[in-house]
$ cat upload.pdb   # PDB, C-alpha atoms
ATOM      1  CA  MET A   1      27.565  -6.512  -5.702
ATOM      2  CA  THR A   2      24.159  -5.541  -4.344
ATOM      3  CA  GLN A   3      23.225  -7.384  -1.162
ATOM      4  CA  TYR A   4      19.709  -8.654  -0.500
ATOM      5  CA  LEU A   5      17.689  -9.895   2.460
ATOM      6  CA  ARG A   6      19.637  -8.047   5.130
ATOM      7  CA  ASP A   7      18.021  -7.641   8.531
ATOM      8  CA  LEU A   8      18.012  -3.853   8.858
ATOM      9  CA  SER A   9      17.976  -4.038  12.646
ATOM     10  CA  THR A  10      21.401  -5.733  12.658
ATOM     11  CA  LEU A  11      23.294  -3.071  10.706
ATOM     12  CA  HIS A  12      26.221  -1.398  12.397
ATOM     13  CA  LYS A  13      26.092   2.375  12.835
ATOM     14  CA  GLU A  14      28.274   3.015   9.792
ATOM     15  CA  GLU A  15      26.094   0.731   7.679
ATOM     16  CA  MET A  16      22.934   2.388   8.969
ATOM     17  CA  ASP A  17      24.328   5.820   8.177
ATOM     18  CA  ALA A  18      25.153   4.629   4.660
ATOM     19  CA  PHE A  19      21.619   3.236   4.258
ATOM     20  CA  LEU A  20      19.997   6.502   5.355
ATOM     21  CA  ALA A  21      22.262   8.467   3.036
ATOM     22  CA  SER A  22      21.334   6.241   0.086
ATOM     23  CA  PHE A  23      17.757   7.516  -0.381
ATOM     24  CA  ASP A  24      15.813  10.771  -0.512
ATOM     25  CA  THR A  25      12.290   9.440  -1.108
ATOM     26  CA  VAL A  26      10.257   6.892   0.844
ATOM     27  CA  LEU A  27       7.170   5.160  -0.512
ATOM     28  CA  THR A  28       5.382   3.163   2.150
ATOM     29  CA  ASP A  29       2.390   0.886   2.031
ATOM     30  CA  CYS A  30      -0.247   1.450   4.718
ATOM     31  CA  ASP A  31      -2.290  -1.658   5.591
ATOM     32  CA  GLY A  32       0.119  -4.196   7.044
ATOM     33  CA  VAL A  33       2.908  -1.633   7.483
ATOM     34  CA  LEU A  34       1.478   1.393   9.303
ATOM     35  CA  TRP A  35      -1.761  -0.140  10.513
ATOM     36  CA  LEU A  36      -3.995  -3.220  10.306
ATOM     37  CA  THR A  37      -7.478  -2.011   9.360
ATOM     38  CA  ASP A  38      -8.252   0.284  12.301
ATOM     39  CA  THR A  39      -5.367  -0.699  14.576
ATOM     40  CA  PRO A  40      -2.065   1.212  14.362
ATOM     41  CA  LEU A  41       1.109  -0.866  14.327
ATOM     42  CA  GLU A  42       3.319   0.151  17.225
ATOM     43  CA  GLY A  43       6.115   2.570  16.418
ATOM     44  CA  SER A  44       5.294   2.920  12.716
ATOM     45  CA  ALA A  45       3.964   6.491  12.987
ATOM     46  CA  HIS A  46       7.086   7.565  14.875
ATOM     47  CA  VAL A  47       9.304   6.072  12.160
ATOM     48  CA  ILE A  48       7.474   7.936   9.381
ATOM     49  CA  ASN A  49       7.587  11.207  11.291
ATOM     50  CA  ARG A  50      11.274  10.723  12.115
ATOM     51  CA  LEU A  51      12.129  10.032   8.474
ATOM     52  CA  LYS A  52      10.390  13.258   7.497
ATOM     53  CA  GLU A  53      12.326  15.108  10.199
ATOM     54  CA  LEU A  54      15.512  13.681   8.698
ATOM     55  CA  GLY A  55      14.604  15.380   5.424
ATOM     56  CA  LYS A  56      13.160  12.413   3.569
ATOM     57  CA  LYS A  57      10.169  12.943   1.260
ATOM     58  CA  VAL A  58       7.542  10.411   2.302
ATOM     59  CA  PHE A  59       4.506   9.204   0.360
ATOM     60  CA  LEU A  60       1.851   6.855   1.715
ATOM     61  CA  VAL A  61       1.199   4.542  -1.237
ATOM     62  CA  SER A  62      -1.777   2.270  -0.707
ATOM     63  CA  ASN A  63      -3.907  -0.014  -2.874
ATOM     64  CA  ASN A  64      -6.877   0.670  -0.582
ATOM     65  CA  CYS A  65      -9.693   2.397  -2.492
ATOM     66  CA  THR A  66     -12.300   2.178   0.268
ATOM     67  CA  LEU A  67     -11.353   5.611   1.644
ATOM     68  CA  THR A  68     -11.613   9.114   0.235
ATOM     69  CA  LEU A  69      -8.580  11.387   0.300
ATOM     70  CA  ASP A  70      -9.965  13.168   3.365
ATOM     71  CA  GLY A  71     -10.594   9.778   4.934
ATOM     72  CA  PHE A  72      -6.964   8.766   4.425
ATOM     73  CA  VAL A  73      -5.673  12.007   5.956
ATOM     74  CA  LYS A  74      -7.981  11.628   8.941
ATOM     75  CA  LYS A  75      -6.979   8.002   9.502
ATOM     76  CA  ALA A  76      -3.258   8.751   9.280
ATOM     77  CA  SER A  77      -3.659  11.755  11.566
ATOM     78  CA  THR A  78      -5.612   9.686  14.088
ATOM     79  CA  PHE A  79      -2.676   7.287  14.265
ATOM     80  CA  GLY A  80      -0.209  10.159  14.731
ATOM     81  CA  ILE A  81       1.241  10.235  11.207
ATOM     82  CA  ASN A  82       1.996  13.724   9.927
ATOM     83  CA  VAL A  83       0.929  13.691   6.289
ATOM     84  CA  THR A  84      -0.659  16.039   3.740
ATOM     85  CA  LYS A  85      -3.100  15.224   0.935
ATOM     86  CA  ASP A  86      -0.330  15.524  -1.647
ATOM     87  CA  GLU A  87       1.621  12.805   0.166
ATOM     88  CA  ILE A  88      -1.141  10.178  -0.108
ATOM     89  CA  ILE A  89      -1.360   8.094  -3.275
ATOM     90  CA  PHE A  90      -3.910   5.376  -4.024
ATOM     91  CA  PRO A  91      -5.362   3.843  -7.219
ATOM     92  CA  THR A  92      -8.566   5.904  -7.358
ATOM     93  CA  LEU A  93      -6.561   9.105  -7.793
ATOM     94  CA  VAL A  94      -4.388   7.476 -10.447
ATOM     95  CA  ALA A  95      -7.381   6.016 -12.325
ATOM     96  CA  ALA A  96      -9.226   9.339 -12.337
ATOM     97  CA  SER A  97      -6.104  11.122 -13.590
ATOM     98  CA  TYR A  98      -5.606   8.513 -16.319
ATOM     99  CA  LEU A  99      -9.174   8.778 -17.611
ATOM    100  CA  LYS A 100      -9.037  12.568 -17.621
ATOM    101  CA  GLU A 101      -5.786  12.441 -19.597
ATOM    102  CA  GLN A 102      -7.600  10.265 -22.160
ATOM    103  CA  ASN A 103     -10.227  13.017 -22.455
ATOM    104  CA  PHE A 104     -12.808  10.484 -21.269
ATOM    105  CA  LYS A 105     -16.373  11.809 -21.664
ATOM    106  CA  LYS A 106     -18.565   8.706 -21.494
ATOM    107  CA  LYS A 107     -19.786   6.707 -18.483
ATOM    108  CA  ALA A 108     -17.759   4.209 -16.479
ATOM    109  CA  TYR A 109     -19.076   0.849 -15.324
ATOM    110  CA  VAL A 110     -17.548   0.639 -11.851
ATOM    111  CA  LEU A 111     -17.137  -2.378  -9.582
ATOM    112  CA  ALA A 112     -15.694  -0.691  -6.526
ATOM    113  CA  SER A 113     -16.440   1.047  -3.249
ATOM    114  CA  SER A 114     -18.655   4.071  -2.694
ATOM    115  CA  ALA A 115     -15.500   6.050  -1.835
ATOM    116  CA  MET A 116     -13.980   5.295  -5.219
ATOM    117  CA  LYS A 117     -17.167   6.364  -6.979
ATOM    118  CA  GLU A 118     -17.266   9.563  -4.950
ATOM    119  CA  ILE A 119     -13.752  10.487  -6.070
ATOM    120  CA  LEU A 120     -14.460   9.594  -9.702
ATOM    121  CA  LYS A 121     -17.572  11.754  -9.609
ATOM    122  CA  SER A 122     -15.614  14.670  -8.111
ATOM    123  CA  ASN A 123     -13.328  14.356 -11.140
ATOM    124  CA  GLU A 124     -16.355  14.671 -13.451
ATOM    125  CA  ILE A 125     -16.341  10.971 -14.337
ATOM    126  CA  MET A 126     -19.888   9.650 -14.413
ATOM    127  CA  PHE A 127     -20.860   6.013 -13.967
ATOM    128  CA  SER A 128     -23.715   3.833 -15.131
ATOM    129  CA  ASN A 129     -24.301   1.688 -12.026
ATOM    130  CA  ASP A 130     -25.002   2.352  -8.362
ATOM    131  CA  VAL A 131     -23.164   0.992  -5.327
ATOM    132  CA  GLY A 132     -24.591  -2.346  -4.192
ATOM    133  CA  PRO A 133     -25.395  -5.706  -5.769
ATOM    134  CA  ASP A 134     -27.476  -6.115  -8.893
ATOM    135  CA  HIS A 135     -30.791  -7.711  -8.024
ATOM    136  CA  ALA A 136     -30.949 -11.497  -7.792
ATOM    137  CA  VAL A 137     -32.285 -13.691 -10.602
ATOM    138  CA  GLN A 138     -33.692 -17.190 -10.361
ATOM    139  CA  THR A 139     -33.544 -18.577 -13.906
ATOM    140  CA  ILE A 140     -31.105 -18.637 -16.817
ATOM    141  CA  PRO A 141     -33.516 -16.647 -19.066
ATOM    142  CA  ASP A 142     -33.741 -13.945 -16.389
ATOM    143  CA  PHE A 143     -29.958 -13.927 -16.111
ATOM    144  CA  ARG A 144     -29.518 -13.569 -19.872
ATOM    145  CA  LYS A 145     -31.983 -10.691 -19.940
ATOM    146  CA  GLU A 146     -30.214  -8.959 -17.053
ATOM    147  CA  ILE A 147     -26.724  -9.085 -18.530
ATOM    148  CA  HIS A 148     -27.855  -7.889 -21.945
ATOM    149  CA  ASP A 149     -29.576  -4.847 -20.517
ATOM    150  CA  LEU A 150     -26.427  -2.753 -20.899
ATOM    151  CA  ASP A 151     -25.912   0.999 -20.910
ATOM    152  CA  GLU A 152     -24.655   1.821 -24.400
ATOM    153  CA  ASP A 153     -22.949   4.997 -23.167
ATOM    154  CA  VAL A 154     -20.389   3.046 -21.112
ATOM    155  CA  GLY A 155     -16.854   3.691 -22.332
ATOM    156  CA  ALA A 156     -14.788   2.340 -19.449
ATOM    157  CA  VAL A 157     -14.807  -0.535 -16.992
ATOM    158  CA  VAL A 158     -13.204   0.208 -13.629
ATOM    159  CA  ILE A 159     -12.658  -2.600 -11.110
ATOM    160  CA  ASP A 160     -11.384  -2.526  -7.543
ATOM    161  CA  PHE A 161     -12.572  -3.781  -4.152
ATOM    162  CA  ASP A 162     -16.341  -4.327  -4.265
ATOM    163  CA  MET A 163     -17.982  -6.075  -1.313
ATOM    164  CA  ASN A 164     -21.170  -6.447  -3.371
ATOM    165  CA  ILE A 165     -19.591  -8.080  -6.399
ATOM    166  CA  ASN A 166     -21.587 -10.901  -7.962
ATOM    167  CA  TYR A 167     -21.903 -13.010 -11.098
ATOM    168  CA  ILE A 168     -24.130 -10.511 -12.923
ATOM    169  CA  LYS A 169     -21.790  -7.574 -12.302
ATOM    170  CA  LEU A 170     -18.764  -9.542 -13.497
ATOM    171  CA  MET A 171     -20.557 -10.622 -16.673
ATOM    172  CA  LYS A 172     -21.654  -7.066 -17.421
ATOM    173  CA  ALA A 173     -18.035  -5.953 -17.117
ATOM    174  CA  VAL A 174     -16.954  -8.679 -19.538
ATOM    175  CA  LEU A 175     -19.664  -7.738 -22.045
ATOM    176  CA  HIS A 176     -18.820  -4.042 -21.931
ATOM    177  CA  LEU A 177     -15.210  -4.948 -22.687
ATOM    178  CA  ARG A 178     -16.206  -6.615 -25.971
ATOM    179  CA  ASP A 179     -16.029  -3.066 -27.323
ATOM    180  CA  PRO A 180     -12.310  -2.626 -28.155
ATOM    181  CA  ASP A 181     -12.617   1.129 -27.538
ATOM    182  CA  CYS A 182     -13.832   0.593 -23.963
ATOM    183  CA  PHE A 183     -11.118   1.470 -21.453
ATOM    184  CA  PHE A 184     -10.286  -1.182 -18.863
ATOM    185  CA  ILE A 185      -8.613   0.175 -15.747
ATOM    186  CA  VAL A 186      -8.221  -1.466 -12.350
ATOM    187  CA  GLY A 187      -6.923  -0.533  -8.917
ATOM    188  CA  GLY A 188      -4.785  -2.902  -6.882
ATOM    189  CA  LEU A 189      -4.096  -6.450  -8.049
ATOM    190  CA  ASP A 190      -4.047  -7.791  -4.475
ATOM    191  CA  VAL A 191      -5.564 -11.261  -4.267
ATOM    192  CA  GLN A 192      -5.729 -11.027  -0.472
ATOM    193  CA  ILE A 193      -6.023  -8.127   1.943
ATOM    194  CA  PRO A 194      -4.991  -8.229   5.627
ATOM    195  CA  VAL A 195      -7.752  -6.987   7.918
ATOM    196  CA  LYS A 196      -6.495  -8.238  11.284
ATOM    197  CA  ASP A 197      -4.195 -10.851  12.780
ATOM    198  CA  ASN A 198      -4.505 -14.173  10.955
ATOM    199  CA  LEU A 199      -7.304 -12.978   8.667
ATOM    200  CA  ASN A 200      -6.793 -12.051   5.025
ATOM    201  CA  ILE A 201      -9.868 -11.440   2.890
ATOM    202  CA  ILE A 202     -10.329 -11.936  -0.858
ATOM    203  CA  GLY A 203      -8.849  -9.023  -2.793
ATOM    204  CA  PRO A 204      -9.935  -7.517  -6.123
ATOM    205  CA  GLY A 205      -7.102  -9.246  -7.985
ATOM    206  CA  CYS A 206      -9.097 -12.489  -8.010
ATOM    207  CA  PHE A 207     -11.985 -10.875  -9.886
ATOM    208  CA  ILE A 208      -9.739  -8.813 -12.149
ATOM    209  CA  GLN A 209      -8.041 -12.004 -13.324
ATOM    210  CA  THR A 210     -11.453 -13.519 -14.086
ATOM    211  CA  VAL A 211     -12.602 -10.544 -16.154
ATOM    212  CA  GLU A 212      -9.285 -10.395 -18.011
ATOM    213  CA  ALA A 213      -9.497 -14.106 -18.858
ATOM    214  CA  LEU A 214     -13.093 -13.954 -20.084
ATOM    215  CA  SER A 215     -12.803 -10.675 -21.970
ATOM    216  CA  GLY A 216      -9.412 -11.340 -23.503
ATOM    217  CA  ARG A 217      -8.421  -7.834 -22.398
ATOM    218  CA  LYS A 218      -5.445  -6.786 -20.285
ATOM    219  CA  ALA A 219      -6.260  -4.100 -17.748
ATOM    220  CA  VAL A 220      -4.376  -0.860 -17.229
ATOM    221  CA  VAL A 221      -3.217  -1.045 -13.599
ATOM    222  CA  ALA A 222      -3.657   2.141 -11.554
ATOM    223  CA  GLY A 223      -2.390   0.579  -8.329
ATOM    224  CA  LYS A 224       0.647  -1.376  -7.237
ATOM    225  CA  PRO A 225       2.632  -2.900  -8.868
ATOM    226  CA  GLY A 226       1.784  -0.928 -12.024
ATOM    227  CA  LEU A 227       4.051   1.809 -13.350
ATOM    228  CA  LEU A 228       1.173   4.311 -13.613
ATOM    229  CA  MET A 229       1.452   4.893  -9.881
ATOM    230  CA  LYS A 230       5.120   5.882 -10.182
ATOM    231  CA  GLU A 231       4.290   8.195 -13.103
ATOM    232  CA  PHE A 232       1.512   9.805 -11.061
ATOM    233  CA  ILE A 233       3.863  10.470  -8.134
ATOM    234  CA  SER A 234       6.573  11.794 -10.472
ATOM    235  CA  LYS A 235       4.201  14.528 -11.642
ATOM    236  CA  ARG A 236       4.079  15.807  -8.052
ATOM    237  CA  TYR A 237       7.675  15.191  -7.031
ATOM    238  CA  PRO A 238      10.751  14.195  -9.051
ATOM    239  CA  ILE A 239      11.764  10.647  -8.155
ATOM    240  CA  ASN A 240      15.234   9.217  -8.629
ATOM    241  CA  PRO A 241      14.559   5.463  -8.546
ATOM    242  CA  GLU A 242      18.020   4.607  -7.220
ATOM    243  CA  ARG A 243      17.474   7.009  -4.309
ATOM    244  CA  THR A 244      13.956   5.790  -3.475
ATOM    245  CA  VAL A 245      13.009   3.053  -1.009
ATOM    246  CA  MET A 246       9.738   1.107  -1.145
ATOM    247  CA  ILE A 247       8.465  -0.217   2.196
ATOM    248  CA  GLY A 248       5.790  -2.885   2.123
ATOM    249  CA  ASP A 249       4.408  -6.121   3.506
ATOM    250  CA  THR A 250       3.636  -7.923   0.242
ATOM    251  CA  ILE A 251       5.906  -9.526  -2.334
ATOM    252  CA  SER A 252       3.578  -9.405  -5.345
ATOM    253  CA  MET A 253       2.481  -5.796  -4.838
ATOM    254  CA  ASP A 254       5.044  -3.778  -2.847
ATOM    255  CA  MET A 255       8.270  -5.585  -3.658
ATOM    256  CA  GLN A 256       7.149  -6.091  -7.264
ATOM    257  CA  LEU A 257       6.559  -2.340  -7.575
ATOM    258  CA  GLY A 258      10.050  -1.784  -6.212
ATOM    259  CA  THR A 259      11.486  -4.196  -8.760
ATOM    260  CA  ASN A 260       9.495  -2.696 -11.637
ATOM    261  CA  CYS A 261      10.668   0.818 -10.782
ATOM    262  CA  GLY A 262      14.231   0.093  -9.701
ATOM    263  CA  PHE A 263      13.664   1.156  -6.082
ATOM    264  CA  GLN A 264      15.419  -0.115  -2.978
ATOM    265  CA  LYS A 265      13.090  -2.499  -1.155
ATOM    266  CA  LEU A 266      12.319  -2.964   2.540
ATOM    267  CA  LEU A 267       9.946  -5.789   3.478
ATOM    268  CA  VAL A 268       8.184  -5.936   6.846
ATOM    269  CA  PHE A 269       6.487  -8.993   8.292
ATOM    270  CA  SER A 270       3.584  -7.279  10.055
ATOM    271  CA  GLY A 271       1.118  -7.925   7.237
ATOM    272  CA  VAL A 272       0.988 -10.624   4.561
ATOM    273  CA  ALA A 273       4.517 -11.811   3.681
ATOM    274  CA  THR A 274       7.001 -13.887   5.641
ATOM    275  CA  LEU A 275      10.758 -14.311   5.296
ATOM    276  CA  GLU A 276      10.129 -17.704   3.717
ATOM    277  CA  ASP A 277       7.894 -16.041   1.084
ATOM    278  CA  ALA A 278      10.651 -13.569   0.278
ATOM    279  CA  LYS A 279      13.253 -16.312  -0.173
ATOM    280  CA  LYS A 280      10.998 -18.127  -2.648
ATOM    281  CA  ASN A 281      10.577 -15.095  -4.926
ATOM    282  CA  ILE A 282      14.069 -14.481  -6.271
ATOM    283  CA  ALA A 283      12.922 -11.877  -8.819
ATOM    284  CA  ASN A 284      11.529  -9.623  -6.093
ATOM    285  CA  LEU A 285      13.991 -10.164  -3.271
ATOM    286  CA  PRO A 286      13.945  -7.216  -0.872
ATOM    287  CA  HIS A 287      17.236  -5.557  -0.066
ATOM    288  CA  TYR A 288      16.266  -5.316   3.617
ATOM    289  CA  TYR A 289      13.676  -6.694   5.999
ATOM    290  CA  LEU A 290      12.288  -5.996   9.477
ATOM    291  CA  LYS A 291       9.766  -7.724  11.693
ATOM    292  CA  THR A 292       7.838  -4.445  11.916
ATOM    293  CA  LEU A 293       8.529  -0.905  10.740
ATOM    294  CA  GLY A 294       8.544   0.177  14.380
ATOM    295  CA  ASP A 295      11.738  -1.854  14.871
ATOM    296  CA  LEU A 296      13.528   0.807  12.831
ATOM    297  CA  LEU A 297      12.864   3.552  15.393
ATOM    298  CA  PRO A 298      15.586   2.686  17.961
ATOM    299  CA  ILE A 299      18.294   2.719  15.282
ATOM    300  CA  LEU A 300      17.274   5.974  13.579
ATOM    301  CA  PRO A 301      19.261   9.080  14.489
ATOM    302  CA  SER A 302      17.650  11.441  16.989
ATOM    303  CA  ILE A 303      16.771  14.974  15.978
TER     304      ILE A 303
END
$ encode --input "upload.pdb" --output "C-alpha cells"
Amino acid sequence: MTQYLRDLSTLHKEEMDAFLASFDTVLTDCDGVLWLTDTPLEGSAHVINRLKELGKKVFLVSNNCTLTLDGFVKKASTFGINVTKDEIIFPTLVAASYLKEQNFKKKAYVLASSAMKEILKSNEIMFSNDVGPDHAVQTIPDFRKEIHDLDEDVGAVVIDFDMNINYIKLMKAVLHLRDPDCFFIVGGLDVQIPVKDNLNIIGPGCFIQTVEALSGRKAVVAGKPGLLMKEFISKRYPINPERTVMIGDTISMDMQLGTNCGFQKLLVFSGVATLEDAKKNIANLPHYYLKTLGDLLPILPSI
C-alpha cells in the first residue's frame, strides 16, 4: 500500500536509498521552492545540482510568465542552479507551442506580462493590444463604446498574470470569446502567488475564473496543473510518470499536477502550503514533505 505524508528527513538510509532509486525525473516548482521572488531559499540550489550529479533529469517547472526564457536562466544561474534553456518549462512556452500546433494565424488578445508577449511575438504570434491598462472611462455610455470597439481579427484570448488588468480588459476578453472559434488559453491557475514572507498577491486564477464564468467557456490550461505541460515536456524528454517526482509548495497547482499525471509528490512548506493544508486535501496528498527543499541536502549521497 502506498504511503503518504511521510517526512522525508526522517527516512532511514535504506528508505532514502529506495526513494532515490524510485525516480529518474524531477519536476520542481521555482517560486516558493527554489526562491521567493528575488531571494534564494537556502540549500535549494545545492539540492538541485546534487540531484543532477546523481543522474536525475531535472526540469524547473514554473507558472511564472513574467520572465523570458533568458531571464529564467539568468535568475537560476544567479542563485547557483545549473540549468539549461531546455530544462526550464513555463506556461508561455506551452501556450505558444499549442497555438502553433493549431496553425494559428490570427491575432491574440493577451492579458499578461510584457515578457509573455515578447515570447509570443518571437513565435510569430501577433496580438491586438499593448501592455498596460486600457484608458479610464467615466460613464456607462463611454464604457459600452470602449468594450464594443473590438479587433475583428482576434482569434485567441490568452490570460495570465497582468498587473494592469481592469474591468474593460476583462470584458473585452469575454466578448471576444463569444466567437466559438476563438481559442481560449491560459497560463497558471494560481489564485495567489508568494512574493515574500507572509505576503501572497492575487494570482491570475481569480480573473480566469471570472472570464470562464461570464463567457461560458472553459480555458485550455498551459500551466500547472494542466496536462498540456506534461505533454510539452514529454516532447523533449520521455517521462515515465511512476518514475517522476513533482516538488512544489502548492496543493492546487503542484500536488494537483502530480495527481493528474501520476507522479510521486514532494511538498515543501517554504511557500504557500502548510501540513494542515495537505491533510485537508485527501485527493492530492503528497507522498513526502519537507520544511524546505534545502533540508534534503544533508541526507543526499555525496558524489
$ residues_around --input "upload.pdb" --residues "A:Lys218" --least-positions-apart "6" --cutoff "9 Å" --atoms "only C-alpha atoms" --output "PyMOL selection string"
chain A and resi 184-185+212
$ write_last_selection --input "upload.pdb" --atoms "C-alpha atoms" --output "PDB file, keeping the file's coordinate frame"
ATOM      1  CA  PHE A 184     -10.286  -1.182 -18.863  1.00  0.00           C
ATOM      2  CA  ILE A 185      -8.613   0.175 -15.747  1.00  0.00           C
ATOM      3  CA  GLU A 212      -9.285 -10.395 -18.011  1.00  0.00           C
TER       4      GLU A 212
END
$ residues_around --input "upload.pdb" --residues "stretch 21-23 of chain A" --least-positions-apart "5" --cutoff "7 Å" --atoms "all atoms listed in the file" --output "ChimeraX atom specification"
/A:243-245
$ residues_around --input "upload.pdb" --residues "A:Ile299" --least-positions-apart "5" --cutoff "12 Å" --atoms "all atoms listed in the file" --output "list of chain:residue names"
A:Leu8, A:Ser9, A:Thr10, A:Leu11, A:His12, A:Lys13, A:Glu14, A:Glu15, A:Met16, A:Asp17, A:Phe19, A:Leu20, A:Val47, A:Arg50, A:Leu51, A:Leu293, A:Gly294
$ residues_around --input "upload.pdb" --residues "A:Gly205" --least-positions-apart "2" --cutoff "12 Å" --atoms "all atoms listed in the file" --output "PyMOL selection string"
chain A and resi 63+159-162+186-193+201-203+207-212+219+221+223-225+252-253
$ residues_around --input "upload.pdb" --residues "A:Ala95" --least-positions-apart "4" --cutoff "7 Å" --atoms "all atoms listed in the file" --output "list in words"
Pro91, Leu99, Ile185 and Ala222 of chain A
$ decode --input "upload.pdb" --residues "stretch 286-293 of chain A" --atoms "all heavy atoms" --output "PDB file, in the first residue's frame"
ATOM      1  N   PRO A 286       0.412  14.605  -0.705  1.00  0.00           N
ATOM      2  CA  PRO A 286       1.768  14.312  -1.155  1.00  0.00           C
ATOM      3  C   PRO A 286       2.283  13.018  -0.526  1.00  0.00           C
ATOM      4  O   PRO A 286       1.868  12.648   0.572  1.00  0.00           O
ATOM      5  CB  PRO A 286       2.571  15.526  -0.650  1.00  0.00           C
ATOM      6  CG  PRO A 286       1.800  16.026   0.525  1.00  0.00           C
ATOM      7  CD  PRO A 286       0.359  15.752   0.222  1.00  0.00           C
ATOM      8  N   HIS A 287       3.171  12.352  -1.236  1.00  0.00           N
ATOM      9  CA  HIS A 287       3.785  11.161  -0.671  1.00  0.00           C
ATOM     10  C   HIS A 287       4.778  11.555   0.434  1.00  0.00           C
ATOM     11  O   HIS A 287       4.909  10.848   1.436  1.00  0.00           O
ATOM     12  CB  HIS A 287       4.510  10.367  -1.759  1.00  0.00           C
ATOM     13  CG  HIS A 287       3.601   9.865  -2.836  1.00  0.00           C
ATOM     14  ND1 HIS A 287       3.326  10.620  -3.965  1.00  0.00           N
ATOM     15  CD2 HIS A 287       2.905   8.718  -2.970  1.00  0.00           C
ATOM     16  CE1 HIS A 287       2.503   9.934  -4.743  1.00  0.00           C
ATOM     17  NE2 HIS A 287       2.229   8.792  -4.161  1.00  0.00           N
ATOM     18  N   TYR A 288       5.472  12.686   0.218  1.00  0.00           N
ATOM     19  CA  TYR A 288       6.506  13.126   1.147  1.00  0.00           C
ATOM     20  C   TYR A 288       6.370  14.629   1.392  1.00  0.00           C
ATOM     21  O   TYR A 288       5.767  15.358   0.599  1.00  0.00           O
ATOM     22  CB  TYR A 288       7.903  12.838   0.590  1.00  0.00           C
ATOM     23  CG  TYR A 288       8.136  11.398   0.203  1.00  0.00           C
ATOM     24  CD1 TYR A 288       8.002  10.976  -1.116  1.00  0.00           C
ATOM     25  CD2 TYR A 288       8.500  10.461   1.170  1.00  0.00           C
ATOM     26  CE1 TYR A 288       8.206   9.649  -1.471  1.00  0.00           C
ATOM     27  CE2 TYR A 288       8.715   9.133   0.821  1.00  0.00           C
ATOM     28  CZ  TYR A 288       8.560   8.739  -0.499  1.00  0.00           C
ATOM     29  OH  TYR A 288       8.772   7.425  -0.835  1.00  0.00           O
ATOM     30  N   TYR A 289       6.968  15.089   2.462  1.00  0.00           N
ATOM     31  CA  TYR A 289       7.030  16.524   2.715  1.00  0.00           C
ATOM     32  C   TYR A 289       8.334  16.880   3.412  1.00  0.00           C
ATOM     33  O   TYR A 289       8.998  16.040   4.022  1.00  0.00           O
ATOM     34  CB  TYR A 289       5.828  17.007   3.536  1.00  0.00           C
ATOM     35  CG  TYR A 289       5.771  16.517   4.964  1.00  0.00           C
ATOM     36  CD1 TYR A 289       6.434  17.188   5.991  1.00  0.00           C
ATOM     37  CD2 TYR A 289       5.031  15.374   5.300  1.00  0.00           C
ATOM     38  CE1 TYR A 289       6.378  16.750   7.307  1.00  0.00           C
ATOM     39  CE2 TYR A 289       4.972  14.927   6.614  1.00  0.00           C
ATOM     40  CZ  TYR A 289       5.636  15.612   7.609  1.00  0.00           C
ATOM     41  OH  TYR A 289       5.583  15.179   8.906  1.00  0.00           O
ATOM     42  N   LEU A 290       8.713  18.159   3.287  1.00  0.00           N
ATOM     43  CA  LEU A 290       9.882  18.731   3.941  1.00  0.00           C
ATOM     44  C   LEU A 290       9.555  20.169   4.315  1.00  0.00           C
ATOM     45  O   LEU A 290       8.739  20.830   3.645  1.00  0.00           O
ATOM     46  CB  LEU A 290      11.090  18.732   3.002  1.00  0.00           C
ATOM     47  CG  LEU A 290      11.816  17.414   2.736  1.00  0.00           C
ATOM     48  CD1 LEU A 290      12.787  17.593   1.568  1.00  0.00           C
ATOM     49  CD2 LEU A 290      12.575  16.965   3.990  1.00  0.00           C
ATOM     50  N   LYS A 291      10.229  20.667   5.338  1.00  0.00           N
ATOM     51  CA  LYS A 291      10.052  22.082   5.672  1.00  0.00           C
ATOM     52  C   LYS A 291      10.560  22.946   4.530  1.00  0.00           C
ATOM     53  O   LYS A 291       9.887  23.883   4.091  1.00  0.00           O
ATOM     54  CB  LYS A 291      10.795  22.414   6.981  1.00  0.00           C
ATOM     55  CG  LYS A 291      10.587  23.857   7.430  1.00  0.00           C
ATOM     56  CD  LYS A 291      11.290  24.120   8.765  1.00  0.00           C
ATOM     57  CE  LYS A 291      11.080  25.570   9.205  1.00  0.00           C
ATOM     58  NZ  LYS A 291      11.787  25.842  10.490  1.00  0.00           N
ATOM     59  N   THR A 292      11.749  22.656   4.039  1.00  0.00           N
ATOM     60  CA  THR A 292      12.309  23.326   2.865  1.00  0.00           C
ATOM     61  C   THR A 292      13.054  22.290   2.032  1.00  0.00           C
ATOM     62  O   THR A 292      13.472  21.245   2.547  1.00  0.00           O
ATOM     63  CB  THR A 292      13.306  24.447   3.236  1.00  0.00           C
ATOM     64  OG1 THR A 292      14.503  23.850   3.755  1.00  0.00           O
ATOM     65  CG2 THR A 292      12.708  25.410   4.249  1.00  0.00           C
ATOM     66  N   LEU A 293      13.246  22.584   0.753  1.00  0.00           N
ATOM     67  CA  LEU A 293      13.976  21.652  -0.104  1.00  0.00           C
ATOM     68  C   LEU A 293      15.416  21.502   0.373  1.00  0.00           C
ATOM     69  O   LEU A 293      16.018  20.427   0.258  1.00  0.00           O
ATOM     70  CB  LEU A 293      13.954  22.135  -1.556  1.00  0.00           C
ATOM     71  CG  LEU A 293      14.558  21.192  -2.589  1.00  0.00           C
ATOM     72  CD1 LEU A 293      13.849  19.841  -2.588  1.00  0.00           C
ATOM     73  CD2 LEU A 293      14.522  21.818  -3.978  1.00  0.00           C
TER      74      LEU A 293
END
